[in-house]
Amino acid sequence: MRALCLTVLLICTASFCGAETFRIATFNTELSRKGPGLLLRDIQKGTDPQLLAVAAVIVDTRPDILVLQGFDWDHGLKALGAFQSLLTSKGLSLQYSYSARPNSGLATHIDLDGDGEQNNLKDAQSFGEFTGARGIALLSKFPLTVPPVLDLTALLWKDLPSADLPLTPDGHAFLSQDALNVQRLSSTNHWAISVHLTKDTSFTLLTFQAGPPVFDGPEDRNGLRNQDELRLIEYMLSGQFGPLPDAPVVVLGGANLDPNQGEGKREAIKRLLTHPQLQDLPNLQDINTVDWPHIGQMRVDYILPGTDLTAYDAGVLWPETADHPAILASRHRLVWADISLPE
């Protein structure tokens with residue numbers, strides 16, 4: 001009887017017995033290719049093993065709202081539309097979508113990394129082989145208010161209050177004035193988007209994908225930028241860059257930062273995990289979300305619902321067998337949560 005009751009509870013949660021309950025997920029798919037248009041090509045071919053594995057992981061989890069990181073953006077969102085169709089063909093219809101050009105791969109024509117050269121990969125707004133590489137995409141069963149109610153993708157790093165800008169070892173500014181005038185803070189995007197579960201109920205989805213706090217020098221440019229990308233989330237929550245809709249908030253995405261190990265300013269993610277407006281769900285605490293070769297497992301992908309929301313269940317999809325699609329899909333693992341809006 002106990003097992004039967006548990007099964008009924010899980011079925012009820014997964015099929016959303018209440019109209020205002022939903023399953024949300026975030027997944028760094030690492031579906032980025034070496035050039036523009038190649039992701040669309042691979043989706044249309046229908047035989048790419050990684051793409052099929054990513055789709056299998058998503059369909060198995062059956063989210064109502066899904067944010068993808070590491071998904072190449074293109075004009076017209078053709079790759080995203082093709083991926084929607086792939087999911088639909090496998091029984092998961094997420095008919096609403098949104099994406100926009102990320103900062104990754106966006107050329108500046110300025111020496112941003114201080115190596116005396118211009119127009120190499122590290123002189124883009126953030127690292128990317130081409131404009132649109134490794135972007136963010138949102139798929140949803142429910143209608144979205146687009147464009148976002150708040151989009152800080154273009155915010156300059158220097159315009160963040162108390163921006164922690166990098167210095168040379170002798171204490172001088174690492175970024176030139178020309179660099180400061182163009183260097184954006186967000187490595188990909190920072191969006192707040194309204195999701196409408198019913199005519200009268202909605203919530204605000206606040207999503208991002210921060211850059212890694214490594215691959216720099218003693219100035220710690222990337223570590224400081226990663227920290228300030230997470231601080232921007234705090235400012236968005238406080239309304240400092242414009243009010244969010246009067247609705248519950250869910251923060252989710254990739255912080256590229258573990259609270260307990262690895263490089264980076266770990267206090268930045270600890271502040272988000274203990275933010276008074278957010279809750280770090282017990283089922284997700286201390287659960288790793290990525291397995292990097294030669295580095296190991298870390299927790300770097302997050303779902304943080306507002307404190308006024310109820311979470312029935314949550315988890316990280318780690319493979320139980322060596323042939324599970326999650327192993328081939330990505331080094332990252334899909335993170336999900338079943339959440340209900342307040343009555």
# chains A, B, ... in the order shown; residues from 1 in each chain; ligands from 1
$ select_by_dssp --residues "segment 158-214 of chain A" --states "strand (DSSP E)" --output "JSON, numbers by chain"
{"A": [190, 191, 192, 193, 194, 195, 196, 202, 203, 204, 205, 206, 207, 208, 209]}
$ residues_around --residues "Gly217 of chain A" --least-positions-apart "5" --cutoff "12 Å" --atoms "only C-alpha atoms" --output "ChimeraX atom specification"
/A:113-115,166-169,174,222-224
$ closest_residue --among "A:Thr145, A:Ser97, A:Gln183, A:Asn189" --to "Gly132 of chain A" --atoms "only C-alpha atoms"
A:Asn189
$ closest_atom_pairs --of "segment 15-126 of chain A" --to "segment 287-296 of chain A" --cutoff "12 Å" --atoms "only C-alpha atoms" --output "Markdown table"
| residue | atom | partner | partner_atom | distance |
| --- | --- | --- | --- | --- |
| A:Thr26 | CA | A:Thr289 | CA | 10.5 |
| A:Phe27 | CA | A:Thr289 | CA | 9.4 |
| A:Asn28 | CA | A:Val290 | CA | 9.2 |
| A:Thr29 | CA | A:Val290 | CA | 11.0 |
| A:Glu30 | CA | A:Val290 | CA | 11.5 |
$ write_last_selection --atoms "N, CA, C and O atoms" --output "mmCIF file, in the first residue's frame"
data_model
loop_
_atom_site.group_PDB
_atom_site.id
_atom_site.type_symbol
_atom_site.label_atom_id
_atom_site.label_comp_id
_atom_site.auth_asym_id
_atom_site.auth_seq_id
_atom_site.Cartn_x
_atom_site.Cartn_y
_atom_site.Cartn_z
ATOM 1 N N THR A 26 16.360 22.889 -16.032
ATOM 2 C CA THR A 26 17.462 23.587 -16.678
ATOM 3 C C THR A 26 18.489 22.545 -17.081
ATOM 4 O O THR A 26 18.764 21.604 -16.340
ATOM 5 N N PHE A 27 19.059 22.728 -18.292
ATOM 6 C CA PHE A 27 19.929 21.695 -18.842
ATOM 7 C C PHE A 27 20.970 22.355 -19.738
ATOM 8 O O PHE A 27 20.631 22.934 -20.772
ATOM 9 N N ASN A 28 22.221 22.270 -19.324
ATOM 10 C CA ASN A 28 23.312 22.720 -20.190
ATOM 11 C C ASN A 28 23.606 21.587 -21.163
ATOM 12 O O ASN A 28 24.337 20.648 -20.858
ATOM 13 N N THR A 29 23.036 21.672 -22.344
ATOM 14 C CA THR A 29 23.084 20.592 -23.315
ATOM 15 C C THR A 29 24.432 20.467 -24.021
ATOM 16 O O THR A 29 24.722 19.431 -24.621
ATOM 17 N N GLU A 30 25.224 21.538 -23.994
ATOM 18 C CA GLU A 30 26.479 21.585 -24.758
ATOM 19 C C GLU A 30 26.234 21.276 -26.239
ATOM 20 O O GLU A 30 27.068 20.708 -26.932
#
$ select_by_dssp --residues "segment 235-332 of chain A" --states "helix (DSSP H, G or I)" --output "JSON, numbers by chain"
{"A": [235, 236, 237, 238, 266, 267, 268, 269, 270, 271, 272, 273, 325, 326, 327, 328, 329]}
$ residues_around --residues "Arg101 of chain A" --least-positions-apart "6" --cutoff "10 Å" --atoms "only C-alpha atoms" --output "list in words"
Asp72, Trp73, Asp74, His75, Leu77, Thr131, Gly132, Ala133, Arg134, Gly135, Ile136, Ala137, Thr153, Thr188 and Asn189 of chain A
$ write_last_selection --atoms "N, CA and C atoms" --output "PDB file, in the first residue's frame"
ATOM      1  N   ASP A  72      23.269  26.731 -29.598  1.00  0.00           N
ATOM      2  CA  ASP A  72      23.634  27.771 -30.556  1.00  0.00           C
ATOM      3  C   ASP A  72      22.417  28.557 -31.038  1.00  0.00           C
ATOM      4  N   TRP A  73      22.550  29.870 -30.983  1.00  0.00           N
ATOM      5  CA  TRP A  73      21.513  30.780 -31.484  1.00  0.00           C
ATOM      6  C   TRP A  73      21.758  31.092 -32.948  1.00  0.00           C
ATOM      7  N   ASP A  74      20.676  31.281 -33.705  1.00  0.00           N
ATOM      8  CA  ASP A  74      20.806  31.730 -35.092  1.00  0.00           C
ATOM      9  C   ASP A  74      19.654  32.667 -35.421  1.00  0.00           C
ATOM     10  N   HIS A  75      19.857  33.486 -36.464  1.00  0.00           N
ATOM     11  CA  HIS A  75      18.789  34.381 -36.916  1.00  0.00           C
ATOM     12  C   HIS A  75      17.591  33.548 -37.365  1.00  0.00           C
ATOM     13  N   LEU A  77      15.883  31.716 -35.397  1.00  0.00           N
ATOM     14  CA  LEU A  77      15.745  30.624 -34.428  1.00  0.00           C
ATOM     15  C   LEU A  77      15.393  29.305 -35.126  1.00  0.00           C
ATOM     16  N   THR A 131      29.334  34.336 -33.511  1.00  0.00           N
ATOM     17  CA  THR A 131      28.221  35.022 -32.875  1.00  0.00           C
ATOM     18  C   THR A 131      27.044  34.071 -32.709  1.00  0.00           C
ATOM     19  N   GLY A 132      26.586  33.930 -31.481  1.00  0.00           N
ATOM     20  CA  GLY A 132      25.471  33.039 -31.187  1.00  0.00           C
ATOM     21  C   GLY A 132      25.870  31.715 -30.589  1.00  0.00           C
ATOM     22  N   ALA A 133      27.172  31.446 -30.551  1.00  0.00           N
ATOM     23  CA  ALA A 133      27.625  30.165 -29.994  1.00  0.00           C
ATOM     24  C   ALA A 133      27.249  30.063 -28.516  1.00  0.00           C
ATOM     25  N   ARG A 134      26.818  28.873 -28.114  1.00  0.00           N
ATOM     26  CA  ARG A 134      26.598  28.565 -26.695  1.00  0.00           C
ATOM     27  C   ARG A 134      25.581  29.500 -26.039  1.00  0.00           C
ATOM     28  N   GLY A 135      24.475  29.693 -26.715  1.00  0.00           N
ATOM     29  CA  GLY A 135      23.454  30.592 -26.201  1.00  0.00           C
ATOM     30  C   GLY A 135      22.498  29.920 -25.230  1.00  0.00           C
ATOM     31  N   ILE A 136      21.429  30.654 -24.924  1.00  0.00           N
ATOM     32  CA  ILE A 136      20.365  30.178 -24.036  1.00  0.00           C
ATOM     33  C   ILE A 136      19.065  30.135 -24.830  1.00  0.00           C
ATOM     34  N   ALA A 137      18.259  29.129 -24.584  1.00  0.00           N
ATOM     35  CA  ALA A 137      16.951  29.017 -25.232  1.00  0.00           C
ATOM     36  C   ALA A 137      15.924  28.557 -24.204  1.00  0.00           C
ATOM     37  N   THR A 153      21.175  41.777 -20.975  1.00  0.00           N
ATOM     38  CA  THR A 153      22.261  41.195 -21.757  1.00  0.00           C
ATOM     39  C   THR A 153      23.269  42.245 -22.187  1.00  0.00           C
ATOM     40  N   THR A 188      26.451  35.398 -21.517  1.00  0.00           N
ATOM     41  CA  THR A 188      25.475  34.975 -22.519  1.00  0.00           C
ATOM     42  C   THR A 188      24.296  35.945 -22.489  1.00  0.00           C
ATOM     43  N   ASN A 189      23.348  35.716 -21.584  1.00  0.00           N
ATOM     44  CA  ASN A 189      22.174  36.570 -21.433  1.00  0.00           C
ATOM     45  C   ASN A 189      21.776  36.624 -19.964  1.00  0.00           C
TER      46      ASN A 189
END
$ residues_around --residues "Leu197 of chain A" --least-positions-apart "4" --cutoff "6 Å" --atoms "only C-alpha atoms" --output "PyMOL selection string"
chain A and resi 142+201-202
$ write_last_selection --atoms "N, CA, C and O atoms" --output "mmCIF file, in the first residue's frame"
data_model
loop_
_atom_site.group_PDB
_atom_site.id
_atom_site.type_symbol
_atom_site.label_atom_id
_atom_site.label_comp_id
_atom_site.auth_asym_id
_atom_site.auth_seq_id
_atom_site.Cartn_x
_atom_site.Cartn_y
_atom_site.Cartn_z
ATOM 1 N N PHE A 142 3.621 26.596 -21.679
ATOM 2 C CA PHE A 142 2.749 27.709 -21.354
ATOM 3 C C PHE A 142 3.171 28.966 -22.114
ATOM 4 O O PHE A 142 4.339 29.133 -22.451
ATOM 5 N N THR A 201 -2.784 33.395 -13.643
ATOM 6 C CA THR A 201 -1.625 33.038 -12.825
ATOM 7 C C THR A 201 -0.366 33.013 -13.684
ATOM 8 O O THR A 201 -0.371 32.497 -14.803
ATOM 9 N N SER A 202 0.693 33.560 -13.133
ATOM 10 C CA SER A 202 1.963 33.603 -13.857
ATOM 11 C C SER A 202 3.101 33.650 -12.844
ATOM 12 O O SER A 202 2.890 33.850 -11.652
#
$ residues_around --residues "Met236 of chain A" --least-positions-apart "3" --cutoff "10 Å" --atoms "only C-alpha atoms" --output "list in words"
Leu150, Asp151, Leu152, His190, Trp191, Ala192, Leu206, Arg231, Leu232, Ile233, Gly239, Gln240, Phe241, Gly242, Pro243 and Leu244 of chain A
$ residues_around --residues "segment 252-262 of chain A" --least-positions-apart "4" --cutoff "9 Å" --atoms "only C-alpha atoms" --output "PyMOL selection string"
chain A and resi 25-28+67-69+205-213+226-227+229-230+266-270+273+286+288+295+298-305
$ residues_around --residues "Trp336 of chain A" --least-positions-apart "2" --cutoff "10 Å" --atoms "only C-alpha atoms" --output "list in words"
Arg23, Ile24, Ala25, Thr26, Phe27, Thr61, Arg62, Pro63, Ile65, Leu66, Leu252, Leu284, Tyr302, Ile303, Asp313, Ala314, Gly315, Val316, Leu317, Arg333, Leu334, Asp338 and Ile339 of chain A
$ write_last_selection --atoms "C-alpha atoms" --output "compact mmCIF listing (two decimals), in the first residue's frame"
# COMPACT_ATOMS: atom_id res chain seq x y z
CA ARG A 23 7.74 20.95 -13.77
CA ILE A 24 10.65 23.24 -14.58
CA ALA A 25 14.09 22.17 -15.73
CA THR A 26 17.46 23.59 -16.68
CA PHE A 27 19.93 21.69 -18.84
CA THR A 61 12.05 14.07 -17.70
CA ARG A 62 9.00 15.66 -19.36
CA PRO A 63 9.37 19.27 -18.20
CA ILE A 65 9.24 24.68 -18.88
CA LEU A 66 12.79 24.05 -20.00
CA LEU A 252 17.57 29.04 -12.75
CA LEU A 284 19.16 19.67 -4.78
CA TYR A 302 20.76 25.64 -10.22
CA ILE A 303 17.00 25.98 -9.73
CA ASP A 313 9.94 17.23 -5.60
CA ALA A 314 13.25 17.97 -7.33
CA GLY A 315 16.28 16.16 -8.58
CA VAL A 316 19.32 15.90 -10.82
CA LEU A 317 19.19 13.30 -13.58
CA ARG A 333 23.07 16.84 -15.91
CA LEU A 334 19.50 18.03 -16.23
CA ASP A 338 8.02 20.29 -9.49
CA ILE A 339 6.68 23.59 -8.22
$ atom_distance --atom1 "atom CA of Leu165 of chain A" --atom2 "atom CA of Phe215 of chain A"
16.4 Å
$ closest_residue --among "A:Asp228, A:Ser99, A:Glu343, A:Ser93" --to "Ser162 of chain A" --atoms "only C-alpha atoms"
A:Asp228
$ atom_distance --atom1 "atom CA of Leu92 of chain A" --atom2 "atom CA of Pro248 of chain A"
25.8 Å
$ closest_residue --among "A:His275, A:Ala337, A:Leu139, A:Val214" --to "Tyr235 of chain A" --atoms "only C-alpha atoms"
A:His275
$ atom_distance --atom1 "atom CA of His172 of chain A" --atom2 "atom CA of His109 of chain A"
22.7 Å
$ closest_residue --among "A:Lys45, A:Lys122, A:Arg271, A:Arg331" --to "Asp216 of chain A" --atoms "only C-alpha atoms"
A:Lys122
